[in-house]
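Asker: Sharing a structure, written as structure tokens. Questions coming.
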Amino acid sequence: MQENALTVTHLEKTYAGGTTALRGASLSVPAGNFFALLGPNGAGKTTLIGIATGLVTPSSGALEMFGIDAFKEPERARRAVGVVPQNLNLDFFGKAIDIVVNQAGYYGIPRSVALPRARALLADLGLGGKMEARTRELSGGMQRRLMIARALVNEPRLLFLDEPTAGVDVESRRGMWKYLRTLVEKGVTIFLTTHYLEEAEQLAKRIAIIDKGAIVAHGTLDEILALDTGPTPTHEDGFRGGRLEEVYLKLTHAPANSAHL
Amino acid sequence: MTPYEQWISYYTIIRKDIVRMLRVWPQTFLPSIVTSALYFLIFGAFLGSRIGQVQGVSYIAFVVPGLVMLSVVMNSYMNSSFTMFTSKFFNRNIDEILVSPTPPWIIIAGFVSSAMLRGIITGVLVLAVALFFTHLSVYSAASIAIFIVLTSLIFALAGLVNGVYAKSIDGINIVPTFVLTPLVYLGGVFYSTELLPGFWGTLTKFDPIFYLINGLRYGFLGISDVSLATSLAILFALAGILLLTNWYLIRTGLGLKQ
Ligand SMILES: Nc1ncnc2c1ncn2[C@@H]1O[C@H](COP(=O)(O)OP(=O)(O)OP(=O)(O)O)[C@@H](O)[C@H]1O
Ligand SMILES: [Mg+2]
């Protein structure tokens, strides 16, 4: 049996202000591939990642990472996890190299091990020349790449990427995916959210679509694409996206549609 | 995490904060030196000669422990409240620790230790400044050490509660001005509370600074308005309560998580 990197069961989250972000979301992510969670703004993607990574407290439900209950043993469950958040959360005054090395420290990795690892990661992500630069001296795309280096320093087996390519230029984006592919080849599971559906279509083996806090479709890319059965919609505005985009729009526009595979 | 890994995480939290403290030393270490030099100048050289003796010692000698305490209190408190608040409020880099396997008690230990370090270092700096103005007697070095460490511990813990819980920048600025300063002044930093009449004398008994300053003054001068055993019992109980409050807030995510 294939091990699941992530299993989410009936996850609910209502924020203190009263907004319900997740309404019984369930999904499973087999280990060792790209998995894409797609959905419109405010659907609950960041909330789900926040709960998995210990930044958001769940209201109810269950979540396991590599079979470890993340609510009962949160610290143990997070050991093999890395996360690149949607919003920047870098210390403005910190130097790139220190930010990555300190992150290793929080995972219990000594400086002697962390320092060469951090240098290699920054170099791999095209920040070799910026190691001593302070965060606020980096451009937006560089800051995002720095967050990726930071998320990888503990050599996670499950990596959450919350819109990692937002604001990253085309060339860097290609470089980034190429690099992340090598990680997947080494056995890392990558859980990503993105609004660039063609990106998901190219990378992800499995996809889930979330809308208003509930999973409305969940399966392999082919299974999801097969949901596109009806006549090709003709948009008044003349746009015609990829096949995934058509399925996505159908599922997230009509509230009654729900297809669990 | 293994104990060794926890140690590395603890060390990382402290190291990062010390790097920050040193980078902004004119904000972290300099103010205490400047203000205490002014106090000593005023109380020692200008006013002190007119005030005469308090409890058998010159006024400046009486006031040195109080000024050391003042800087330990303020620096320990402001360091933990400020470091925690900015990292959770401005750029959210507290998330770096929250996503890691570092358990809550290591987070508390790390933030509190670096705040204590700052409090103790500034206390020692103020003491060094005092030497330019007066001769210092030492009655019990152990008492001095114990009460300085206890002061920094209690106020670092209290500052952390404030930093974790504060919802806005006002939330961390209000407490030093409207709570800490009155506690320090009413606790007998500048006078012996024996001089206070009934009601105020009783009120003082609820002020932790009263017990801390008397312990510290005992260490320097051998005089105290209250028994040391009572002071220690009350202070350890207070530290325990603050520790549990921090643990509860961080474990449950109140104030730190959404
Ligand atoms: N800290 C918070 N407090 C209160 N409500 C929140 C908070 N964070 C998110 N929400 C609400 O929860 C819902 C889901 O938000 P979430 O950030 O998970 O969406 P998302 O799918 O990541 O959207 P996007 O694609 O825009 O990033 C939204 O209605 C949002 O307003
Ligand atoms: Mg989001």
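Just so we're on the same page: first chain in the structure tokens is A, next is B, and so on; residues restart at 1 for each chain, and ligands are numbered from 1 in the order they show up.
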Taking the DSSP secondary structure from the backbone, can you list the residues of stretch 85-181 of chain A that are alpha helix (DSSP H), as number ranges by chain?
Answerer: A: 96-106, 111-124, 140-152, 170-181
Asker: Keeping N, CA and C atoms for every residue in the selection just given, could you write it to a file as a compact mmCIF listing (two decimals), in the first residue's frame?
Answerer:
```
# COMPACT_ATOMS: atom_id res chain seq x y z
N ALA A 96 20.00 36.92 4.32
CA ALA A 96 19.48 35.71 3.69
C ALA A 96 20.07 34.45 4.32
N ILE A 97 21.37 34.42 4.45
CA ILE A 97 22.02 33.20 4.95
C ILE A 97 21.58 32.91 6.39
N ASP A 98 21.46 33.98 7.21
CA ASP A 98 21.07 33.77 8.61
C ASP A 98 19.65 33.25 8.72
N ILE A 99 18.79 33.75 7.84
CA ILE A 99 17.40 33.32 7.89
C ILE A 99 17.29 31.81 7.64
N VAL A 100 18.06 31.33 6.66
CA VAL A 100 18.01 29.91 6.35
C VAL A 100 18.67 29.08 7.46
N VAL A 101 19.80 29.57 7.96
CA VAL A 101 20.51 28.82 9.01
C VAL A 101 19.69 28.79 10.31
N ASN A 102 19.08 29.92 10.65
CA ASN A 102 18.24 29.94 11.87
C ASN A 102 17.07 28.98 11.74
N GLN A 103 16.49 28.93 10.55
CA GLN A 103 15.36 28.01 10.36
C GLN A 103 15.81 26.58 10.64
N ALA A 104 17.01 26.24 10.15
CA ALA A 104 17.55 24.90 10.44
C ALA A 104 17.66 24.71 11.95
N GLY A 105 18.09 25.77 12.63
CA GLY A 105 18.24 25.70 14.09
C GLY A 105 16.93 25.33 14.77
N TYR A 106 15.82 25.89 14.31
CA TYR A 106 14.53 25.58 14.93
C TYR A 106 14.14 24.11 14.74
N ARG A 111 24.59 24.41 13.47
CA ARG A 111 25.10 25.37 12.49
C ARG A 111 26.12 24.77 11.55
N SER A 112 26.95 23.87 12.08
CA SER A 112 28.01 23.30 11.23
C SER A 112 27.41 22.52 10.06
N VAL A 113 26.25 21.94 10.27
CA VAL A 113 25.57 21.20 9.19
C VAL A 113 24.74 22.18 8.35
N ALA A 114 24.12 23.13 9.05
CA ALA A 114 23.17 24.02 8.37
C ALA A 114 23.85 25.00 7.41
N LEU A 115 25.03 25.45 7.79
CA LEU A 115 25.68 26.50 7.00
C LEU A 115 25.99 26.06 5.56
N PRO A 116 26.69 24.92 5.38
CA PRO A 116 26.93 24.50 3.99
C PRO A 116 25.63 24.17 3.25
N ARG A 117 24.67 23.61 3.98
CA ARG A 117 23.39 23.26 3.34
C ARG A 117 22.67 24.53 2.88
N ALA A 118 22.69 25.55 3.71
CA ALA A 118 22.02 26.81 3.38
C ALA A 118 22.71 27.46 2.18
N ARG A 119 24.03 27.42 2.15
CA ARG A 119 24.76 28.01 1.02
C ARG A 119 24.38 27.30 -0.28
N ALA A 120 24.33 25.99 -0.22
CA ALA A 120 24.01 25.22 -1.42
C ALA A 120 22.59 25.53 -1.89
N LEU A 121 21.65 25.59 -0.94
CA LEU A 121 20.26 25.87 -1.30
C LEU A 121 20.11 27.25 -1.93
N LEU A 122 20.74 28.23 -1.32
CA LEU A 122 20.63 29.59 -1.86
C LEU A 122 21.24 29.65 -3.26
N ALA A 123 22.36 28.96 -3.43
CA ALA A 123 22.98 28.93 -4.76
C ALA A 123 22.05 28.26 -5.77
N ASP A 124 21.46 27.12 -5.37
CA ASP A 124 20.55 26.40 -6.25
C ASP A 124 19.36 27.28 -6.67
N GLY A 140 11.02 41.24 -4.76
CA GLY A 140 9.92 40.37 -4.36
C GLY A 140 10.12 38.91 -4.74
N GLY A 141 10.53 38.68 -5.99
CA GLY A 141 10.75 37.31 -6.45
C GLY A 141 11.91 36.65 -5.71
N MET A 142 12.93 37.43 -5.40
CA MET A 142 14.07 36.88 -4.64
C MET A 142 13.64 36.51 -3.23
N GLN A 143 12.77 37.35 -2.64
CA GLN A 143 12.29 37.05 -1.29
C GLN A 143 11.52 35.73 -1.30
N ARG A 144 10.74 35.51 -2.36
CA ARG A 144 9.99 34.27 -2.46
C ARG A 144 10.94 33.07 -2.58
N ARG A 145 11.99 33.25 -3.38
CA ARG A 145 12.95 32.15 -3.51
C ARG A 145 13.69 31.91 -2.19
N LEU A 146 13.93 33.00 -1.45
CA LEU A 146 14.55 32.84 -0.14
C LEU A 146 13.64 32.02 0.78
N MET A 147 12.33 32.25 0.67
CA MET A 147 11.40 31.47 1.50
C MET A 147 11.41 30.00 1.10
N ILE A 148 11.67 29.73 -0.19
CA ILE A 148 11.76 28.33 -0.62
C ILE A 148 13.01 27.68 -0.02
N ALA A 149 14.14 28.41 -0.07
CA ALA A 149 15.38 27.88 0.52
C ALA A 149 15.15 27.60 2.00
N ARG A 150 14.49 28.54 2.66
CA ARG A 150 14.24 28.38 4.10
C ARG A 150 13.39 27.14 4.37
N ALA A 151 12.42 26.89 3.49
CA ALA A 151 11.52 25.75 3.71
C ALA A 151 12.19 24.41 3.45
N LEU A 152 13.32 24.45 2.72
CA LEU A 152 13.96 23.18 2.34
C LEU A 152 15.11 22.79 3.26
N VAL A 170 9.11 34.81 -15.52
CA VAL A 170 8.94 33.58 -16.29
C VAL A 170 10.16 32.67 -16.20
N GLU A 171 11.33 33.26 -16.35
CA GLU A 171 12.54 32.45 -16.37
C GLU A 171 12.78 31.81 -15.00
N SER A 172 12.64 32.63 -13.96
CA SER A 172 12.85 32.09 -12.60
C SER A 172 11.82 31.02 -12.29
N ARG A 173 10.59 31.23 -12.80
CA ARG A 173 9.54 30.27 -12.55
C ARG A 173 9.90 28.92 -13.16
N ARG A 174 10.39 28.95 -14.40
CA ARG A 174 10.82 27.69 -15.04
C ARG A 174 11.93 27.04 -14.24
N GLY A 175 12.90 27.87 -13.86
CA GLY A 175 14.03 27.36 -13.08
C GLY A 175 13.55 26.72 -11.79
N MET A 176 12.57 27.37 -11.17
CA MET A 176 12.04 26.91 -9.91
C MET A 176 11.39 25.54 -10.06
N TRP A 177 10.53 25.42 -11.09
CA TRP A 177 9.86 24.13 -11.29
C TRP A 177 10.84 23.04 -11.65
N LYS A 178 11.85 23.39 -12.41
CA LYS A 178 12.86 22.40 -12.77
C LYS A 178 13.53 21.88 -11.49
N TYR A 179 13.85 22.82 -10.63
CA TYR A 179 14.49 22.46 -9.38
C TYR A 179 13.57 21.62 -8.50
N LEU A 180 12.31 22.04 -8.42
CA LEU A 180 11.37 21.31 -7.57
C LEU A 180 11.11 19.90 -8.11
N ARG A 181 11.18 19.78 -9.46
CA ARG A 181 11.03 18.44 -10.06
C ARG A 181 12.13 17.50 -9.58
```
Asker: Got a sec to pull out which chain A residues are within 6 Å of chain B, counting only C-alpha atoms, and send them as a compact mmCIF listing (two decimals) with N, CA and C atoms, in the first residue's frame?
Answerer:
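New file result05.txt:
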```txt
# COMPACT_ATOMS: atom_id res chain seq x y z
N THR A 53 0.39 23.03 9.04
CA THR A 53 1.72 23.46 9.47
C THR A 53 1.71 24.12 10.85
N GLY A 54 0.59 24.08 11.53
CA GLY A 54 0.58 24.55 12.92
C GLY A 54 0.41 26.05 13.10
N LEU A 55 -0.06 26.74 12.08
CA LEU A 55 -0.24 28.19 12.21
C LEU A 55 -1.69 28.57 12.48
N VAL A 56 -2.58 27.64 12.18
CA VAL A 56 -4.01 27.89 12.36
C VAL A 56 -4.56 26.75 13.20
N GLU A 75 4.28 18.46 17.12
CA GLU A 75 5.72 18.69 16.88
C GLU A 75 6.33 17.55 16.07
N ARG A 78 5.31 17.62 12.37
CA ARG A 78 5.88 18.69 11.55
C ARG A 78 7.36 18.52 11.23
N ARG A 79 7.98 17.53 11.83
CA ARG A 79 9.43 17.36 11.63
C ARG A 79 9.82 17.29 10.16
N ASN A 89 6.85 36.38 5.13
CA ASN A 89 7.00 36.44 6.59
C ASN A 89 8.49 36.36 6.94
N LEU A 90 9.26 37.18 6.25
CA LEU A 90 10.70 37.20 6.48
C LEU A 90 11.04 38.37 7.41
N ASP A 91 12.04 38.16 8.24
CA ASP A 91 12.56 39.23 9.09
C ASP A 91 13.29 40.23 8.17
N GLY A 105 18.09 25.77 12.63
CA GLY A 105 18.24 25.70 14.09
C GLY A 105 16.93 25.33 14.77
N TYR A 106 15.82 25.89 14.31
CA TYR A 106 14.53 25.58 14.93
C TYR A 106 14.14 24.11 14.74
N TYR A 107 14.77 23.48 13.76
CA TYR A 107 14.55 22.04 13.56
C TYR A 107 15.60 21.20 14.28
N GLY A 108 16.48 21.87 15.02
CA GLY A 108 17.48 21.13 15.78
C GLY A 108 18.71 20.75 14.96
```
Asker: Could you tell me, counting only C-alpha atoms and all ligand atoms, which protein and nucleic acid residues lie no more than 9 Å from ligand 1, written as a ChimeraX atom specification?
Answerer: /A:13-22,38-50,56,86-87,162-163,193-195,210-213 /B:257-258
Asker: Write to file, as a short mmCIF file (atom, residue, chain, number, x, y, z; two decimals), in the first residue's frame, the residues of the selection just made, with C-alpha atoms.
Answerer:
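Output file selection_38.cif follows:
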```cif
data_model
loop_
_atom_site.label_atom_id
_atom_site.label_comp_id
_atom_site.auth_asym_id
_atom_site.auth_seq_id
_atom_site.Cartn_x
_atom_site.Cartn_y
_atom_site.Cartn_z
CA LYS A 13 -12.38 25.88 10.54
CA THR A 14 -14.29 28.91 11.71
CA TYR A 15 -12.12 31.92 12.47
CA ALA A 16 -12.58 34.02 15.60
CA GLY A 17 -14.36 36.68 13.53
CA GLY A 18 -17.03 34.14 12.51
CA THR A 19 -15.85 33.37 8.95
CA THR A 20 -16.08 29.68 8.15
CA ALA A 21 -13.11 28.88 5.90
CA LEU A 22 -13.33 25.08 5.81
CA LEU A 38 -6.91 24.68 -6.74
CA GLY A 39 -9.73 27.02 -5.92
CA PRO A 40 -10.89 30.61 -6.10
CA ASN A 41 -9.79 33.38 -3.74
CA GLY A 42 -11.05 32.74 -0.23
CA ALA A 43 -11.85 29.06 -0.89
CA GLY A 44 -9.78 27.93 2.10
CA LYS A 45 -6.47 26.81 0.59
CA THR A 46 -4.21 28.85 2.85
CA THR A 47 -6.32 27.92 5.86
CA LEU A 48 -5.84 24.21 5.11
CA ILE A 49 -2.08 24.62 4.79
CA GLY A 50 -2.06 26.73 7.96
CA VAL A 56 -4.01 27.89 12.36
CA GLN A 86 1.59 32.83 0.53
CA ASN A 87 2.42 36.05 2.34
CA ASP A 162 1.24 28.35 -1.21
CA GLU A 163 1.27 30.22 -4.54
CA THR A 193 -1.62 25.94 -4.60
CA THR A 194 -1.62 28.14 -7.66
CA HIS A 195 -3.95 30.24 -9.73
CA ILE A 210 -11.79 23.41 -3.30
CA ASP A 211 -14.68 25.83 -3.28
CA LYS A 212 -16.18 27.64 -0.28
CA GLY A 213 -14.34 25.40 2.16
CA LYS B 257 -2.25 31.45 15.95
CA GLN B 258 -5.39 32.21 14.01
#
```
Asker: Which neighbours of stretch 120-127 of chain B fall inside 10 Å, counting only C-alpha atoms, when residues of the same chain fewer than 3 positions from it are skipped, and could you give them as number ranges by chain?
Answerer: B: 28-37, 40, 64-65, 67-76, 114-117, 130-132, 136, 145, 148-149, 151-153
Asker: Would you kindly return, as a PDB file with all heavy atoms, in the first residue's frame, each protein, DNA or RNA residue with an atom no farther than 10 Å from any atom of stretch 203-207 of chain B, considering only C-alpha atoms and excluding same-chain residues fewer than 3 positions away?
Answerer:
```pdb
ATOM      1  N   PRO B 182       4.477  52.769  37.723  1.00  0.00           N
ATOM      2  CA  PRO B 182       3.907  52.893  39.075  1.00  0.00           C
ATOM      3  C   PRO B 182       4.389  51.791  40.021  1.00  0.00           C
ATOM      4  O   PRO B 182       4.693  52.058  41.182  1.00  0.00           O
ATOM      5  CB  PRO B 182       2.403  52.768  38.838  1.00  0.00           C
ATOM      6  CG  PRO B 182       2.189  53.095  37.416  1.00  0.00           C
ATOM      7  CD  PRO B 182       3.426  52.727  36.686  1.00  0.00           C
ATOM      8  N   LEU B 183       4.471  50.552  39.516  1.00  0.00           N
ATOM      9  CA  LEU B 183       4.924  49.450  40.379  1.00  0.00           C
ATOM     10  C   LEU B 183       6.317  49.741  40.908  1.00  0.00           C
ATOM     11  O   LEU B 183       6.621  49.528  42.074  1.00  0.00           O
ATOM     12  CB  LEU B 183       4.957  48.130  39.600  1.00  0.00           C
ATOM     13  CG  LEU B 183       3.649  47.385  39.353  1.00  0.00           C
ATOM     14  CD1 LEU B 183       3.927  46.077  38.618  1.00  0.00           C
ATOM     15  CD2 LEU B 183       2.929  47.097  40.655  1.00  0.00           C
ATOM     16  N   VAL B 184       7.191  50.235  40.012  1.00  0.00           N
ATOM     17  CA  VAL B 184       8.565  50.502  40.393  1.00  0.00           C
ATOM     18  C   VAL B 184       8.620  51.627  41.423  1.00  0.00           C
ATOM     19  O   VAL B 184       9.253  51.520  42.467  1.00  0.00           O
ATOM     20  CB  VAL B 184       9.409  50.853  39.147  1.00  0.00           C
ATOM     21  CG1 VAL B 184      10.737  51.473  39.548  1.00  0.00           C
ATOM     22  CG2 VAL B 184       9.638  49.611  38.298  1.00  0.00           C
ATOM     23  N   LEU B 186       6.174  52.870  43.389  1.00  0.00           N
ATOM     24  CA  LEU B 186       5.474  52.584  44.645  1.00  0.00           C
ATOM     25  C   LEU B 186       6.119  51.442  45.424  1.00  0.00           C
ATOM     26  O   LEU B 186       5.860  51.272  46.601  1.00  0.00           O
ATOM     27  CB  LEU B 186       3.996  52.248  44.370  1.00  0.00           C
ATOM     28  CG  LEU B 186       3.152  53.420  43.866  1.00  0.00           C
ATOM     29  CD1 LEU B 186       1.758  52.947  43.503  1.00  0.00           C
ATOM     30  CD2 LEU B 186       3.083  54.522  44.922  1.00  0.00           C
ATOM     31  N   GLY B 187       6.959  50.668  44.731  1.00  0.00           N
ATOM     32  CA  GLY B 187       7.549  49.504  45.388  1.00  0.00           C
ATOM     33  C   GLY B 187       8.713  49.845  46.296  1.00  0.00           C
ATOM     34  O   GLY B 187       9.297  48.962  46.915  1.00  0.00           O
ATOM     35  N   GLY B 188       9.071  51.105  46.371  1.00  0.00           N
ATOM     36  CA  GLY B 188      10.132  51.487  47.291  1.00  0.00           C
ATOM     37  C   GLY B 188      11.509  51.539  46.672  1.00  0.00           C
ATOM     38  O   GLY B 188      12.519  51.248  47.313  1.00  0.00           O
ATOM     39  N   THR B 193       9.818  51.790  52.326  1.00  0.00           N
ATOM     40  CA  THR B 193       8.351  51.778  52.444  1.00  0.00           C
ATOM     41  C   THR B 193       7.922  51.902  53.908  1.00  0.00           C
ATOM     42  O   THR B 193       6.749  52.090  54.180  1.00  0.00           O
ATOM     43  CB  THR B 193       7.752  50.499  51.842  1.00  0.00           C
ATOM     44  OG1 THR B 193       8.460  49.388  52.355  1.00  0.00           O
ATOM     45  CG2 THR B 193       7.838  50.524  50.334  1.00  0.00           C
ATOM     46  N   LEU B 196       5.955  54.885  54.532  1.00  0.00           N
ATOM     47  CA  LEU B 196       4.608  55.073  53.994  1.00  0.00           C
ATOM     48  C   LEU B 196       3.544  54.872  55.062  1.00  0.00           C
ATOM     49  O   LEU B 196       3.602  53.931  55.836  1.00  0.00           O
ATOM     50  CB  LEU B 196       4.353  54.081  52.844  1.00  0.00           C
ATOM     51  CG  LEU B 196       5.080  54.348  51.537  1.00  0.00           C
ATOM     52  CD1 LEU B 196       4.747  53.237  50.549  1.00  0.00           C
ATOM     53  CD2 LEU B 196       4.683  55.695  50.955  1.00  0.00           C
ATOM     54  N   GLY B 198      -0.324  53.983  56.561  1.00  0.00           N
ATOM     55  CA  GLY B 198      -1.219  52.820  56.501  1.00  0.00           C
ATOM     56  C   GLY B 198      -1.605  52.268  55.141  1.00  0.00           C
ATOM     57  O   GLY B 198      -1.056  51.261  54.710  1.00  0.00           O
ATOM     58  N   PHE B 199      -2.504  52.928  54.434  1.00  0.00           N
ATOM     59  CA  PHE B 199      -3.060  52.400  53.197  1.00  0.00           C
ATOM     60  C   PHE B 199      -1.970  52.120  52.164  1.00  0.00           C
ATOM     61  O   PHE B 199      -1.906  51.052  51.571  1.00  0.00           O
ATOM     62  CB  PHE B 199      -4.083  53.382  52.627  1.00  0.00           C
ATOM     63  CG  PHE B 199      -4.496  53.049  51.214  1.00  0.00           C
ATOM     64  CD1 PHE B 199      -5.328  51.960  50.981  1.00  0.00           C
ATOM     65  CD2 PHE B 199      -4.050  53.796  50.134  1.00  0.00           C
ATOM     66  CE1 PHE B 199      -5.710  51.634  49.684  1.00  0.00           C
ATOM     67  CE2 PHE B 199      -4.419  53.469  48.837  1.00  0.00           C
ATOM     68  CZ  PHE B 199      -5.256  52.391  48.617  1.00  0.00           C
ATOM     69  N   TRP B 200      -1.098  53.077  51.972  1.00  0.00           N
ATOM     70  CA  TRP B 200      -0.064  52.923  50.957  1.00  0.00           C
ATOM     71  C   TRP B 200       0.910  51.824  51.334  1.00  0.00           C
ATOM     72  O   TRP B 200       1.384  51.085  50.476  1.00  0.00           O
ATOM     73  CB  TRP B 200       0.671  54.244  50.735  1.00  0.00           C
ATOM     74  CG  TRP B 200      -0.234  55.264  50.131  1.00  0.00           C
ATOM     75  CD1 TRP B 200      -0.858  56.293  50.771  1.00  0.00           C
ATOM     76  CD2 TRP B 200      -0.665  55.318  48.767  1.00  0.00           C
ATOM     77  NE1 TRP B 200      -1.649  56.991  49.902  1.00  0.00           N
ATOM     78  CE2 TRP B 200      -1.548  56.411  48.658  1.00  0.00           C
ATOM     79  CE3 TRP B 200      -0.399  54.546  47.634  1.00  0.00           C
ATOM     80  CZ2 TRP B 200      -2.160  56.770  47.461  1.00  0.00           C
ATOM     81  CZ3 TRP B 200      -1.000  54.887  46.446  1.00  0.00           C
ATOM     82  CH2 TRP B 200      -1.869  55.986  46.360  1.00  0.00           C
ATOM     83  N   PHE B 210       8.348  45.460  45.478  1.00  0.00           N
ATOM     84  CA  PHE B 210       8.656  45.658  46.889  1.00  0.00           C
ATOM     85  C   PHE B 210       9.541  44.515  47.404  1.00  0.00           C
ATOM     86  O   PHE B 210      10.539  44.737  48.079  1.00  0.00           O
ATOM     87  CB  PHE B 210       7.341  45.745  47.672  1.00  0.00           C
ATOM     88  CG  PHE B 210       7.482  45.648  49.155  1.00  0.00           C
ATOM     89  CD1 PHE B 210       7.969  46.723  49.888  1.00  0.00           C
ATOM     90  CD2 PHE B 210       7.129  44.489  49.833  1.00  0.00           C
ATOM     91  CE1 PHE B 210       8.102  46.636  51.271  1.00  0.00           C
ATOM     92  CE2 PHE B 210       7.257  44.388  51.202  1.00  0.00           C
ATOM     93  CZ  PHE B 210       7.745  45.462  51.927  1.00  0.00           C
ATOM     94  N   TYR B 211       9.187  43.281  47.061  1.00  0.00           N
ATOM     95  CA  TYR B 211       9.949  42.125  47.550  1.00  0.00           C
ATOM     96  C   TYR B 211      11.303  42.028  46.855  1.00  0.00           C
ATOM     97  O   TYR B 211      12.310  41.661  47.445  1.00  0.00           O
ATOM     98  CB  TYR B 211       9.134  40.843  47.336  1.00  0.00           C
ATOM     99  CG  TYR B 211       7.811  40.908  48.063  1.00  0.00           C
ATOM    100  CD1 TYR B 211       6.646  41.289  47.398  1.00  0.00           C
ATOM    101  CD2 TYR B 211       7.743  40.645  49.428  1.00  0.00           C
ATOM    102  CE1 TYR B 211       5.441  41.389  48.079  1.00  0.00           C
ATOM    103  CE2 TYR B 211       6.540  40.748  50.118  1.00  0.00           C
ATOM    104  CZ  TYR B 211       5.395  41.119  49.443  1.00  0.00           C
ATOM    105  OH  TYR B 211       4.213  41.235  50.112  1.00  0.00           O
ATOM    106  N   LEU B 212      11.296  42.373  45.576  1.00  0.00           N
ATOM    107  CA  LEU B 212      12.551  42.297  44.817  1.00  0.00           C
ATOM    108  C   LEU B 212      13.544  43.347  45.307  1.00  0.00           C
ATOM    109  O   LEU B 212      14.719  43.052  45.538  1.00  0.00           O
ATOM    110  CB  LEU B 212      12.266  42.489  43.321  1.00  0.00           C
ATOM    111  CG  LEU B 212      11.522  41.319  42.668  1.00  0.00           C
ATOM    112  CD1 LEU B 212      10.954  41.731  41.321  1.00  0.00           C
ATOM    113  CD2 LEU B 212      12.463  40.123  42.508  1.00  0.00           C
ATOM    114  N   VAL B 226      11.381  43.517  54.805  1.00  0.00           N
ATOM    115  CA  VAL B 226      10.560  42.303  54.842  1.00  0.00           C
ATOM    116  C   VAL B 226      11.493  41.092  54.890  1.00  0.00           C
ATOM    117  O   VAL B 226      12.642  41.180  54.443  1.00  0.00           O
ATOM    118  CB  VAL B 226       9.637  42.244  53.599  1.00  0.00           C
ATOM    119  CG1 VAL B 226      10.436  42.185  52.319  1.00  0.00           C
ATOM    120  CG2 VAL B 226       8.665  41.082  53.653  1.00  0.00           C
ATOM    121  N   ILE B 234       7.012  34.370  47.753  1.00  0.00           N
ATOM    122  CA  ILE B 234       6.053  35.122  46.936  1.00  0.00           C
ATOM    123  C   ILE B 234       6.546  35.241  45.495  1.00  0.00           C
ATOM    124  O   ILE B 234       5.794  35.045  44.538  1.00  0.00           O
ATOM    125  CB  ILE B 234       5.810  36.516  47.556  1.00  0.00           C
ATOM    126  CG1 ILE B 234       5.020  36.344  48.857  1.00  0.00           C
ATOM    127  CG2 ILE B 234       5.076  37.438  46.584  1.00  0.00           C
ATOM    128  CD1 ILE B 234       4.837  37.617  49.647  1.00  0.00           C
TER     129      ILE B 234
END
```
Asker: For each of B:Ile172, B:Leu160, B:Leu195, B:Ala61, take the minimum atom-to-atom distance to B:Gly222, counting only C-alpha atoms, then give the residue where this is smallest.
Answerer: B:Ala61
Asker: May I ask which of the residues A:Leu183, A:Arg206, A:Val84, A:Val29 is the closest one to ligand 2, counting only C-alpha atoms and all ligand atoms?
Answerer: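 Using only C-alpha atoms and all ligand atoms, the shortest distance to ligand 2 belongs to A:Val84.
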Asker: With only C-alpha atoms as the counted atoms, please give the residues lying no more than 6 Å from stretch 157-161 of chain A, apart from itself and same-chain residues fewer than 3 positions off, as an mmCIF file with N, CA, C and O atoms, in the first residue's frame.
Answerer:
```cif
data_model
loop_
_atom_site.group_PDB
_atom_site.id
_atom_site.type_symbol
_atom_site.label_atom_id
_atom_site.label_comp_id
_atom_site.auth_asym_id
_atom_site.auth_seq_id
_atom_site.Cartn_x
_atom_site.Cartn_y
_atom_site.Cartn_z
ATOM 1 N N ALA A 80 9.047 16.545 9.387
ATOM 2 C CA ALA A 80 9.446 16.283 8.004
ATOM 3 C C ALA A 80 8.701 17.189 7.037
ATOM 4 O O ALA A 80 8.480 16.840 5.886
ATOM 5 N N VAL A 81 8.288 18.368 7.523
ATOM 6 C CA VAL A 81 7.458 19.245 6.709
ATOM 7 C C VAL A 81 8.146 20.589 6.506
ATOM 8 O O VAL A 81 8.857 21.071 7.382
ATOM 9 N N GLY A 82 7.953 21.156 5.324
ATOM 10 C CA GLY A 82 8.442 22.512 5.067
ATOM 11 C C GLY A 82 7.307 23.306 4.458
ATOM 12 O O GLY A 82 6.401 22.728 3.845
ATOM 13 N N VAL A 83 7.324 24.622 4.617
ATOM 14 C CA VAL A 83 6.228 25.411 4.056
ATOM 15 C C VAL A 83 6.735 26.751 3.518
ATOM 16 O O VAL A 83 7.571 27.407 4.122
ATOM 17 N N VAL A 84 6.251 27.086 2.330
ATOM 18 C CA VAL A 84 6.486 28.421 1.763
ATOM 19 C C VAL A 84 5.143 29.135 1.795
ATOM 20 O O VAL A 84 4.234 28.784 1.058
ATOM 21 N N PRO A 164 3.625 29.705 -4.838
ATOM 22 C CA PRO A 164 5.056 30.041 -4.825
ATOM 23 C C PRO A 164 5.474 30.858 -6.039
ATOM 24 O O PRO A 164 6.508 31.515 -6.010
ATOM 25 N N VAL A 188 10.422 13.655 -2.599
ATOM 26 C CA VAL A 188 9.688 14.676 -1.845
ATOM 27 C C VAL A 188 8.273 14.824 -2.418
ATOM 28 O O VAL A 188 8.085 14.761 -3.625
ATOM 29 N N THR A 189 7.300 14.987 -1.520
ATOM 30 C CA THR A 189 5.932 15.257 -1.959
ATOM 31 C C THR A 189 5.733 16.771 -1.945
ATOM 32 O O THR A 189 6.048 17.423 -0.954
ATOM 33 N N ILE A 190 5.240 17.300 -3.046
ATOM 34 C CA ILE A 190 5.018 18.746 -3.086
ATOM 35 C C ILE A 190 3.536 19.046 -3.219
ATOM 36 O O ILE A 190 2.873 18.603 -4.160
ATOM 37 N N PHE A 191 3.025 19.770 -2.231
ATOM 38 C CA PHE A 191 1.623 20.162 -2.178
ATOM 39 C C PHE A 191 1.583 21.634 -2.542
ATOM 40 O O PHE A 191 2.139 22.456 -1.830
ATOM 41 N N LEU A 192 0.987 21.966 -3.690
ATOM 42 C CA LEU A 192 1.040 23.361 -4.082
ATOM 43 C C LEU A 192 -0.336 23.935 -4.367
ATOM 44 O O LEU A 192 -1.271 23.209 -4.733
#
```
